[in-house]
There are 2 protein chains.
Amino acid sequence: MANFTLLKDLIQPAKTKIVLLVLDGVGGLPNAADQTELEAAHTPNLDRLAREGCLGQHYPIEMGITSGSGPGHLGLFGYDPVKYEIGRGVLEAVGIGLPLTADDVFARGNFCTLDAAGTITDRRAGRIPTETCVKLVNKIKAANIKVADDVEVTIEPVLDYRFVISMRGKGLSSNLNETDPQHTGVPPMQVVAGDTTSQRTADLFNAWIRAATEVIKDDAPANGLTMRGFSGDPAFPKFKDVYGLKAGAIAIYPMYRGVASLVGMDVVQHHAHNVAEEFDAAGQVWKNYDFLFIHVKYTDSRGEDGNFDAKKAVIEEVDAALPRLLDLKPDVLIVTGDHSTPSQHKAHSWHPVPLLLWAPGMARRDRSAGFGERECARGGLGTFRAADIMQLALAHAGRLAKFGA
Amino acid sequence: MANFTLLKDLIQPAKTKIVLLVLDGVGGLPNAADQTELEAAHTPNLDRLAREGCLGQHYPIEMGITSGSGPGHLGLFGYDPVKYEIGRGVLEAVGIGLPLTADDVFARGNFCTLDAAGTITDRRAGRIPTETCVKLVNKIKAANIKVADDVEVTIEPVLDYRFVISMRGKGLSSNLNETDPQHTGVPPMQVVAGDTTSQRTADLFNAWIRAATEVIKDDAPANGLTMRGFSGDPAFPKFKDVYGLKAGAIAIYPMYRGVASLVGMDVVQHHAHNVAEEFDAAGQVWKNYDFLFIHVKYTDSRGEDGNFDAKKAVIEEVDAALPRLLDLKPDVLIVTGDHSTPSQHKAHSWHPVPLLLWAPGMARRDRSAGFGERECARGGLGTFRAADIMQLALAHAGRLAKFGA
């Protein structure tokens with residue numbers, strides 16, 4: 001991971017701007033024609049940057065470990081994802097902009113379908129649309145469930161069948177076990193305290209779940225609920241403090257905004273619906289930031305769909321829009337992913353993630369022909385852990401002093 | 001870093017000889033013709049060794065971190081440069097051969113120019129030549145300044161406007177702040193104790209500085225002085241103990257002799273003024289050592305000058321002299337740098353450092369065409385930290401037993 005202790009003495013101010021462009025799950029596997037999605041895509045702009053810059057590949061966590069999206073991004077941001085754990089509840093909460101204090105316990109909630117005996121028949125309530133989720137959450141809000149005088153409960157809808165709940169109060173604890181049994185045919189589990197100091201919080205959540213389930217008992221298929229990822233503020237070091245960077249995050253999906261905000265990035269408000277619009281949003285806030293994280297979701301989504309051509313098309317969309325970003329004249333541009341999502345696997349994978357580093361006058365050109373997994377494997381930066389990337393970015397941006405005489 | 005604990009059980013005797021040839025700051029960046037200094041240089045000997053041996057690249061400290069010369073060499077010697085810190089004063093002192101005991105506090109001194117008000121007008125005293133520095137130091141010595149009955153003060157000239165001072169006495173402490181304000185227009189600062197146990201040492205240095213300044217008050221431009229890098233014996237593990245190697249160091253510049261002596265190398269006495277003479281000096285002591293560190297300074301100097309062609313010429317000088325070294329028949333020859341110093345940047349940089357490992361019958365040839373940064377990036381040794389190099393050297397010299405059955 002980034003060596004925060006060492007960096008503390010080396011960080012120096014600069015006027016340079018760094019862009020970290022994350023194509024979620026970009027890494028792939030070669031198809032029958034021996035090309036990955038990235039290699040098959042027509043990417044004249046990325047290929048030019050590859051020829052002018054240098055390539056490498058990274059492991060989001062460690063060799064052989066498949067990374068989820070949260071840890072994958074923490075790694076890119078320079079935080080050891082094994083050391084810096086984010087609870088699912090916190091991630092969902094910050095992703096929809098809920099404020100986070102040290103007195104909060106968050107959980108991710110799922111609406112589910114219960115039969116007459118209280119047994120789960122569908123863990124995702126028939127994947128109800130978000131509008132139904134919003135209605136159900138509003139109905140529960142209206143019921144004004146009170147669990148204790150000194151505890152404030154907040155519930156907000158997320159996407160589809162998902163919601164987020166927080167309890168705020170002194171002395172609450174997130175050391176609680178989740179209630180989703182992970183399969184159907186059994187009832188939701190009770191919230192169980194992980195230690196004695198968490199018992200009161202477990203009782204409060206159980207009381208709230210009973211009351212809320214009563215409120216929605218006639219709303220099948222969403223007539224029950226489960227909770228996962230109980231978690232509190234992880235209090236991570238912040239970008240400004242560890243890197244001296246004023247950082248902004250541009251993402252369409254809440255979760256990526258969430259993880260960015262946990263490391264102290266501003267979540268940039270925008271109305272972008274595609275990559276070009278995200279780059280335009282970057283232009284609108286360009287002067288405000290030293291560092292911009294820009295997240296492109298659909299490389300991962302199409303990989304998970306198992307759709308090689310659609311994933312390739314997303315990469316081509318990024319390439320076509322890239323001149324808008326280059327027009328802003330970043331000093332350092334890093335293009336990479338948070339993990340691999342080969343469309344052949346329809347899932348995240350452990351394969352190393354291609355990385356392109358472009359920094360005019362600063363990067364050591366490495367004779368790469370274009371941007372692709374196999375070129376990256378032979379690239380001038382070698383193979384490294386994601387958490388080393390931020391030091392590379394800072395160095396190429398002239399933001400690190402020399403260590404020692 | 002080298003795993004001293006693991007090595008302890010694996011080191012075995014051998015009659016093999018290892019040479020670590022360090023071209024200071026050798027790493028560069030490609031010019032408009034897409035060649036670095038090393039790639040552009042005519043180096044038939046190094047290229048042949050590259051074809052017969054194998055290549056790789058290393059980070060002196062970590063990815064993205066620019067290394068100073070001291071930490072860069074500690075890394076090459078297998079010591080984690082962040083863990084094993086050397087004070088500037090100690091480095092200068094051992095570099096000119098001052099003995100080092102646990103009762104010593106060293107500082108690097110700079111002569112400076114003061115105006116009538118005692119304000120610094122030139123932090124380097126107009127870069128006075130070494131002869132002037134020697135005269136001033138002798139004048140101060142002749143004044144026989146006494147700070148305390150139980151403390152012995154030593155002062156010696158180094159190069160140009162630099163000198164080194166030591167105080168030797170029981171209970172002295174090096175936890176002192178430097179007096180160079182780092183800019184002109186203000187007077188030198190007082191020596192300030194970093195903790196209460198350092199107060200006496202601070203007082204002694206302040207008393208000495210007052211007395212010495214009085215001695216040279218009419219010697220403008222060198223009529224004042226500042227002190228930096230207060231430090232004591234770092235007591236590093238020694239080469240003989242951690243590697244089982246009797247090691248010698250051949251360097252023209254004091255600082256590199258200094259860092260070598262801190263890890264237990266003998267400083268080889270010689271009168272070499274160029275690379276060929278350094279190799280001849282190696283021949284003269286060849287039978288006495290298992291390991292020779294040979295330091296070539298001017299690759300770095302010409303890089304810092306921003307002179308691509310001159311840096312290239314130094315590399316060609318090394319190549320032309322190389323047969324003298326090869327005639328000695330080293331079993332393992334490693335050619336690398338302590339950091340990169342691209343002439344385009346006129347400064348040390350964070351870029352990985354090319355490395356060539358040649359060990360007849362022992363190294364796995366890797367199909368490299370010649371010695372250069374981009375060949376090294378694709379070399380058979382991969383990308384690693386400098387502090388791993390010593391284990392490679394020992395292995396190829398047949399000096400490490402198998403680990404486990």
# chains A, B, ... in the order shown; residues from 1 in each chain; ligands from 1
$ residues_around --residues "B:Gly229" --least-positions-apart "5" --cutoff "7 Å" --atoms "only C-alpha atoms" --output "VMD selection string"
chain B and resid 87 to 89 107 to 108 178
$ write_last_selection --atoms "C-alpha atoms" --output "PDB file, in the first residue's frame"
ATOM      1  CA  GLY B  87      22.368  11.057   9.345  1.00  0.00           C
ATOM      2  CA  ARG B  88      24.123  13.426   6.955  1.00  0.00           C
ATOM      3  CA  GLY B  89      26.785  14.231   9.528  1.00  0.00           C
ATOM      4  CA  ALA B 107      27.266  17.251  11.974  1.00  0.00           C
ATOM      5  CA  ARG B 108      27.871  18.436   8.452  1.00  0.00           C
ATOM      6  CA  GLU B 178      19.906  22.032  12.141  1.00  0.00           C
TER       7      GLU B 178
END
$ interface_residues --of "chain A" --to "chain B" --cutoff "10 Å" --atoms "only C-alpha atoms" --output "NGL selection string"
:A and (2-3 or 6-7 or 10 or 361-367 or 377-384 or 388-396 or 398 or 400-405)
$ write_last_selection --atoms "N, CA and C atoms" --output "mmCIF file, in the first residue's frame"
data_model
loop_
_atom_site.group_PDB
_atom_site.id
_atom_site.type_symbol
_atom_site.label_atom_id
_atom_site.label_comp_id
_atom_site.auth_asym_id
_atom_site.auth_seq_id
_atom_site.Cartn_x
_atom_site.Cartn_y
_atom_site.Cartn_z
ATOM 1 N N ALA A 2 0.231 2.336 -0.289
ATOM 2 C CA ALA A 2 0.978 3.590 -0.193
ATOM 3 C C ALA A 2 1.560 3.684 1.216
ATOM 4 N N ASN A 3 2.795 4.136 1.298
ATOM 5 C CA ASN A 3 3.487 4.225 2.579
ATOM 6 C C ASN A 3 3.186 5.606 3.184
ATOM 7 N N LEU A 6 5.984 7.341 5.188
ATOM 8 C CA LEU A 6 7.056 7.877 4.356
ATOM 9 C C LEU A 6 6.571 9.115 3.591
ATOM 10 N N LEU A 7 5.382 9.023 3.032
ATOM 11 C CA LEU A 7 4.862 10.129 2.211
ATOM 12 C C LEU A 7 4.716 11.410 3.023
ATOM 13 N N LEU A 10 7.430 13.605 2.455
ATOM 14 C CA LEU A 10 7.860 13.820 1.066
ATOM 15 C C LEU A 10 6.872 14.633 0.241
ATOM 16 N N GLY A 361 6.566 13.976 -20.642
ATOM 17 C CA GLY A 361 7.863 14.424 -20.125
ATOM 18 C C GLY A 361 8.291 13.740 -18.847
ATOM 19 N N MET A 362 7.406 12.990 -18.237
ATOM 20 C CA MET A 362 7.706 12.406 -16.932
ATOM 21 C C MET A 362 7.741 10.878 -16.970
ATOM 22 N N ALA A 363 6.867 10.271 -17.752
ATOM 23 C CA ALA A 363 6.836 8.804 -17.804
ATOM 24 C C ALA A 363 7.955 8.296 -18.708
ATOM 25 N N ARG A 364 8.510 7.152 -18.383
ATOM 26 C CA ARG A 364 9.527 6.525 -19.230
ATOM 27 C C ARG A 364 8.807 5.665 -20.279
ATOM 28 N N ARG A 365 8.800 6.126 -21.527
ATOM 29 C CA ARG A 365 8.172 5.358 -22.608
ATOM 30 C C ARG A 365 8.747 3.954 -22.639
ATOM 31 N N ASP A 366 7.887 2.976 -22.918
ATOM 32 C CA ASP A 366 8.379 1.598 -22.788
ATOM 33 C C ASP A 366 8.237 0.749 -24.043
ATOM 34 N N ARG A 367 8.011 1.383 -25.186
ATOM 35 C CA ARG A 367 7.907 0.643 -26.453
ATOM 36 C C ARG A 367 6.688 -0.253 -26.534
ATOM 37 N N ALA A 377 1.473 -6.659 -19.500
ATOM 38 C CA ALA A 377 2.254 -7.661 -18.772
ATOM 39 C C ALA A 377 3.747 -7.497 -19.057
ATOM 40 N N ARG A 378 4.092 -6.901 -20.201
ATOM 41 C CA ARG A 378 5.490 -6.680 -20.554
ATOM 42 C C ARG A 378 5.887 -5.220 -20.398
ATOM 43 N N GLY A 379 5.031 -4.446 -19.790
ATOM 44 C CA GLY A 379 5.235 -2.997 -19.741
ATOM 45 C C GLY A 379 6.360 -2.574 -18.812
ATOM 46 N N GLY A 380 6.764 -1.345 -18.951
ATOM 47 C CA GLY A 380 7.909 -0.806 -18.229
ATOM 48 C C GLY A 380 7.696 -0.659 -16.732
ATOM 49 N N LEU A 381 6.452 -0.693 -16.294
ATOM 50 C CA LEU A 381 6.191 -0.533 -14.863
ATOM 51 C C LEU A 381 6.213 -1.858 -14.127
ATOM 52 N N GLY A 382 6.214 -2.958 -14.879
ATOM 53 C CA GLY A 382 6.217 -4.263 -14.237
ATOM 54 C C GLY A 382 4.854 -4.625 -13.665
ATOM 55 N N THR A 383 4.877 -5.547 -12.716
ATOM 56 C CA THR A 383 3.676 -6.055 -12.059
ATOM 57 C C THR A 383 3.739 -5.638 -10.598
ATOM 58 N N PHE A 384 2.669 -5.090 -10.088
ATOM 59 C CA PHE A 384 2.716 -4.521 -8.740
ATOM 60 C C PHE A 384 1.330 -4.585 -8.121
ATOM 61 N N ASP A 388 0.139 0.513 -4.791
ATOM 62 C CA ASP A 388 1.348 1.286 -5.109
ATOM 63 C C ASP A 388 1.093 2.377 -6.147
ATOM 64 N N ILE A 389 -0.085 2.343 -6.762
ATOM 65 C CA ILE A 389 -0.353 3.236 -7.897
ATOM 66 C C ILE A 389 -0.309 4.707 -7.491
ATOM 67 N N MET A 390 -0.843 5.018 -6.321
ATOM 68 C CA MET A 390 -0.908 6.433 -5.932
ATOM 69 C C MET A 390 0.481 7.051 -5.806
ATOM 70 N N GLN A 391 1.470 6.265 -5.341
ATOM 71 C CA GLN A 391 2.825 6.810 -5.245
ATOM 72 C C GLN A 391 3.388 7.111 -6.628
ATOM 73 N N LEU A 392 3.080 6.230 -7.580
ATOM 74 C CA LEU A 392 3.488 6.479 -8.960
ATOM 75 C C LEU A 392 2.856 7.766 -9.480
ATOM 76 N N ALA A 393 1.563 7.912 -9.199
ATOM 77 C CA ALA A 393 0.846 9.087 -9.684
ATOM 78 C C ALA A 393 1.452 10.363 -9.107
ATOM 79 N N LEU A 394 1.704 10.359 -7.809
ATOM 80 C CA LEU A 394 2.274 11.540 -7.147
ATOM 81 C C LEU A 394 3.658 11.860 -7.698
ATOM 82 N N ALA A 395 4.472 10.819 -7.912
ATOM 83 C CA ALA A 395 5.828 11.035 -8.421
ATOM 84 C C ALA A 395 5.769 11.694 -9.797
ATOM 85 N N HIS A 396 4.972 11.126 -10.680
ATOM 86 C CA HIS A 396 4.904 11.663 -12.038
ATOM 87 C C HIS A 396 4.277 13.055 -12.078
ATOM 88 N N GLY A 398 5.123 15.313 -9.945
ATOM 89 C CA GLY A 398 6.075 16.221 -9.291
ATOM 90 C C GLY A 398 5.663 16.605 -7.887
ATOM 91 N N LEU A 400 6.328 14.716 -5.059
ATOM 92 C CA LEU A 400 7.091 14.045 -4.002
ATOM 93 C C LEU A 400 8.532 14.536 -4.002
ATOM 94 N N ALA A 401 9.012 14.926 -2.845
ATOM 95 C CA ALA A 401 10.425 15.297 -2.695
ATOM 96 C C ALA A 401 11.271 14.035 -2.607
ATOM 97 N N LYS A 402 12.556 14.219 -2.750
ATOM 98 C CA LYS A 402 13.518 13.122 -2.661
ATOM 99 C C LYS A 402 13.598 12.601 -1.231
ATOM 100 N N PHE A 403 13.799 11.293 -1.108
ATOM 101 C CA PHE A 403 14.001 10.701 0.216
ATOM 102 C C PHE A 403 15.490 10.620 0.513
ATOM 103 N N GLY A 404 15.922 11.287 1.543
ATOM 104 C CA GLY A 404 17.320 11.194 1.971
ATOM 105 C C GLY A 404 18.240 12.018 1.094
ATOM 106 N N ALA A 405 19.472 12.182 1.564
ATOM 107 C CA ALA A 405 20.437 13.005 0.830
ATOM 108 C C ALA A 405 21.187 12.158 -0.194
#
$ select_by_dssp --residues "stretch 72-126 of chain B" --states "alpha helix (DSSP H)" --output "list in words"
Gly72, His73, Leu74, Gly75, Leu76, Arg88, Gly89, Val90, Leu91, Glu92, Ala93, Val94 and Gly95 of chain B
$ atom_distance --atom1 "atom CA of A:Ile18" --atom2 "atom CA of A:Lys297"
20.1 Å
$ closest_residue --among "B:Phe371, B:Asp290, B:Pro323, B:Asp24" --to "B:Ile252" --atoms "only C-alpha atoms"
B:Asp24
$ residues_around --residues "B:Glu152" --least-positions-apart "6" --cutoff "9 Å" --atoms "only C-alpha atoms" --output "tab-separated table (two decimals) with N, CA and C atoms, in the first residue's frame"
chain	number	residue	atom	x	y	z
B	146	LYS	N	37.80	25.23	23.18
B	146	LYS	CA	37.48	24.23	24.21
B	146	LYS	C	36.03	24.45	24.65
B	166	SER	N	32.79	16.75	14.79
B	166	SER	CA	32.28	15.76	15.73
B	166	SER	C	32.57	16.22	17.14
B	167	MET	N	31.68	15.86	18.05
B	167	MET	CA	31.97	15.98	19.48
B	167	MET	C	31.91	14.58	20.04
B	168	ARG	N	32.91	14.25	20.83
B	168	ARG	CA	32.95	12.93	21.46
B	168	ARG	C	32.94	13.09	22.96
B	169	GLY	N	31.96	12.45	23.61
B	169	GLY	CA	31.88	12.54	25.07
B	169	GLY	C	30.71	11.70	25.56
$ residues_around --residues "A:Leu159" --least-positions-apart "6" --cutoff "12 Å" --atoms "only C-alpha atoms" --output "ChimeraX atom specification"
/A:92,95-96,108-111,124,127-134,137,253-255
$ residues_around --residues "B:Val314" --least-positions-apart "2" --cutoff "9 Å" --atoms "only C-alpha atoms" --output "number ranges by chain"
B: 41, 275, 296, 298-299, 302, 309-312, 316-319
$ atom_distance --atom1 "atom CA of A:Cys54" --atom2 "atom CA of B:Leu76"
25.0 Å
$ atom_distance --atom1 "atom CA of A:Thr101" --atom2 "atom CA of A:Pro234"
9.9 Å
$ select_by_dssp --residues "stretch 147-255 of chain B" --states "strand (DSSP E or B)" --output "PDB file with C-alpha atoms, in the first residue's frame"
ATOM      1  CA  GLU B 152      36.694  16.289  22.394  1.00  0.00           C
ATOM      2  CA  VAL B 153      35.893  18.296  19.270  1.00  0.00           C
ATOM      3  CA  THR B 154      37.155  17.300  15.824  1.00  0.00           C
ATOM      4  CA  ILE B 155      36.730  19.352  12.682  1.00  0.00           C
ATOM      5  CA  GLU B 156      37.824  18.316   9.206  1.00  0.00           C
ATOM      6  CA  PRO B 157      37.371  19.824   5.753  1.00  0.00           C
ATOM      7  CA  ARG B 162      31.709  21.747   3.430  1.00  0.00           C
ATOM      8  CA  PHE B 163      33.273  20.493   6.634  1.00  0.00           C
ATOM      9  CA  VAL B 164      32.429  17.921   9.231  1.00  0.00           C
ATOM     10  CA  ILE B 165      32.496  18.326  12.987  1.00  0.00           C
ATOM     11  CA  SER B 166      32.275  15.757  15.730  1.00  0.00           C
ATOM     12  CA  MET B 167      31.968  15.985  19.475  1.00  0.00           C
ATOM     13  CA  ARG B 168      32.949  12.926  21.458  1.00  0.00           C
ATOM     14  CA  LEU B 176      19.398  18.451  17.635  1.00  0.00           C
ATOM     15  CA  ASN B 177      17.840  20.707  15.002  1.00  0.00           C
ATOM     16  CA  VAL B 192      17.880  23.618  19.461  1.00  0.00           C
ATOM     17  CA  ALA B 193      17.642  20.437  21.555  1.00  0.00           C
ATOM     18  CA  GLY B 224      30.003  32.233   9.033  1.00  0.00           C
ATOM     19  CA  LEU B 225      28.823  28.665   9.307  1.00  0.00           C
ATOM     20  CA  THR B 226      25.742  26.486   9.574  1.00  0.00           C
ATOM     21  CA  MET B 227      25.270  22.885  10.693  1.00  0.00           C
ATOM     22  CA  ARG B 228      23.031  20.134   9.399  1.00  0.00           C
ATOM     23  CA  GLY B 229      22.417  16.454   9.886  1.00  0.00           C
ATOM     24  CA  PHE B 230      23.354  15.998  13.543  1.00  0.00           C
ATOM     25  CA  SER B 231      23.700  12.244  13.936  1.00  0.00           C
ATOM     26  CA  ALA B 247      33.764  -6.757   1.435  1.00  0.00           C
ATOM     27  CA  GLY B 248      35.741  -3.837   0.049  1.00  0.00           C
ATOM     28  CA  ALA B 249      34.596  -0.537  -1.383  1.00  0.00           C
ATOM     29  CA  ILE B 250      36.280   1.389  -4.183  1.00  0.00           C
TER      30      ILE B 250
END
$ closest_residue --among "A:Leu262, A:Ala313, A:Ala282, A:Leu245" --to "A:Pro99" --atoms "only C-alpha atoms"
A:Leu262
$ residues_around --residues "A:Leu333" --least-positions-apart "6" --cutoff "7 Å" --atoms "only C-alpha atoms" --output "list of chain:residue names"
A:Ile18, A:Val19, A:Leu20, A:Leu357, A:Trp358, A:Ala359
$ write_last_selection --atoms "C-alpha atoms" --output "mmCIF file, in the first residue's frame"
data_model
loop_
_atom_site.group_PDB
_atom_site.id
_atom_site.type_symbol
_atom_site.label_atom_id
_atom_site.label_comp_id
_atom_site.auth_asym_id
_atom_site.auth_seq_id
_atom_site.Cartn_x
_atom_site.Cartn_y
_atom_site.Cartn_z
ATOM 1 C CA ILE A 18 -3.886 13.864 -11.814
ATOM 2 C CA VAL A 19 -6.754 11.865 -13.338
ATOM 3 C CA LEU A 20 -7.465 8.283 -12.317
ATOM 4 C CA LEU A 357 0.297 5.670 -17.149
ATOM 5 C CA TRP A 358 0.580 8.762 -19.304
ATOM 6 C CA ALA A 359 2.505 11.817 -18.094
#
$ closest_residue --among "A:Asn206, A:Ala281, A:Val151, A:Phe236" --to "A:Met265" --atoms "only C-alpha atoms"
A:Phe236
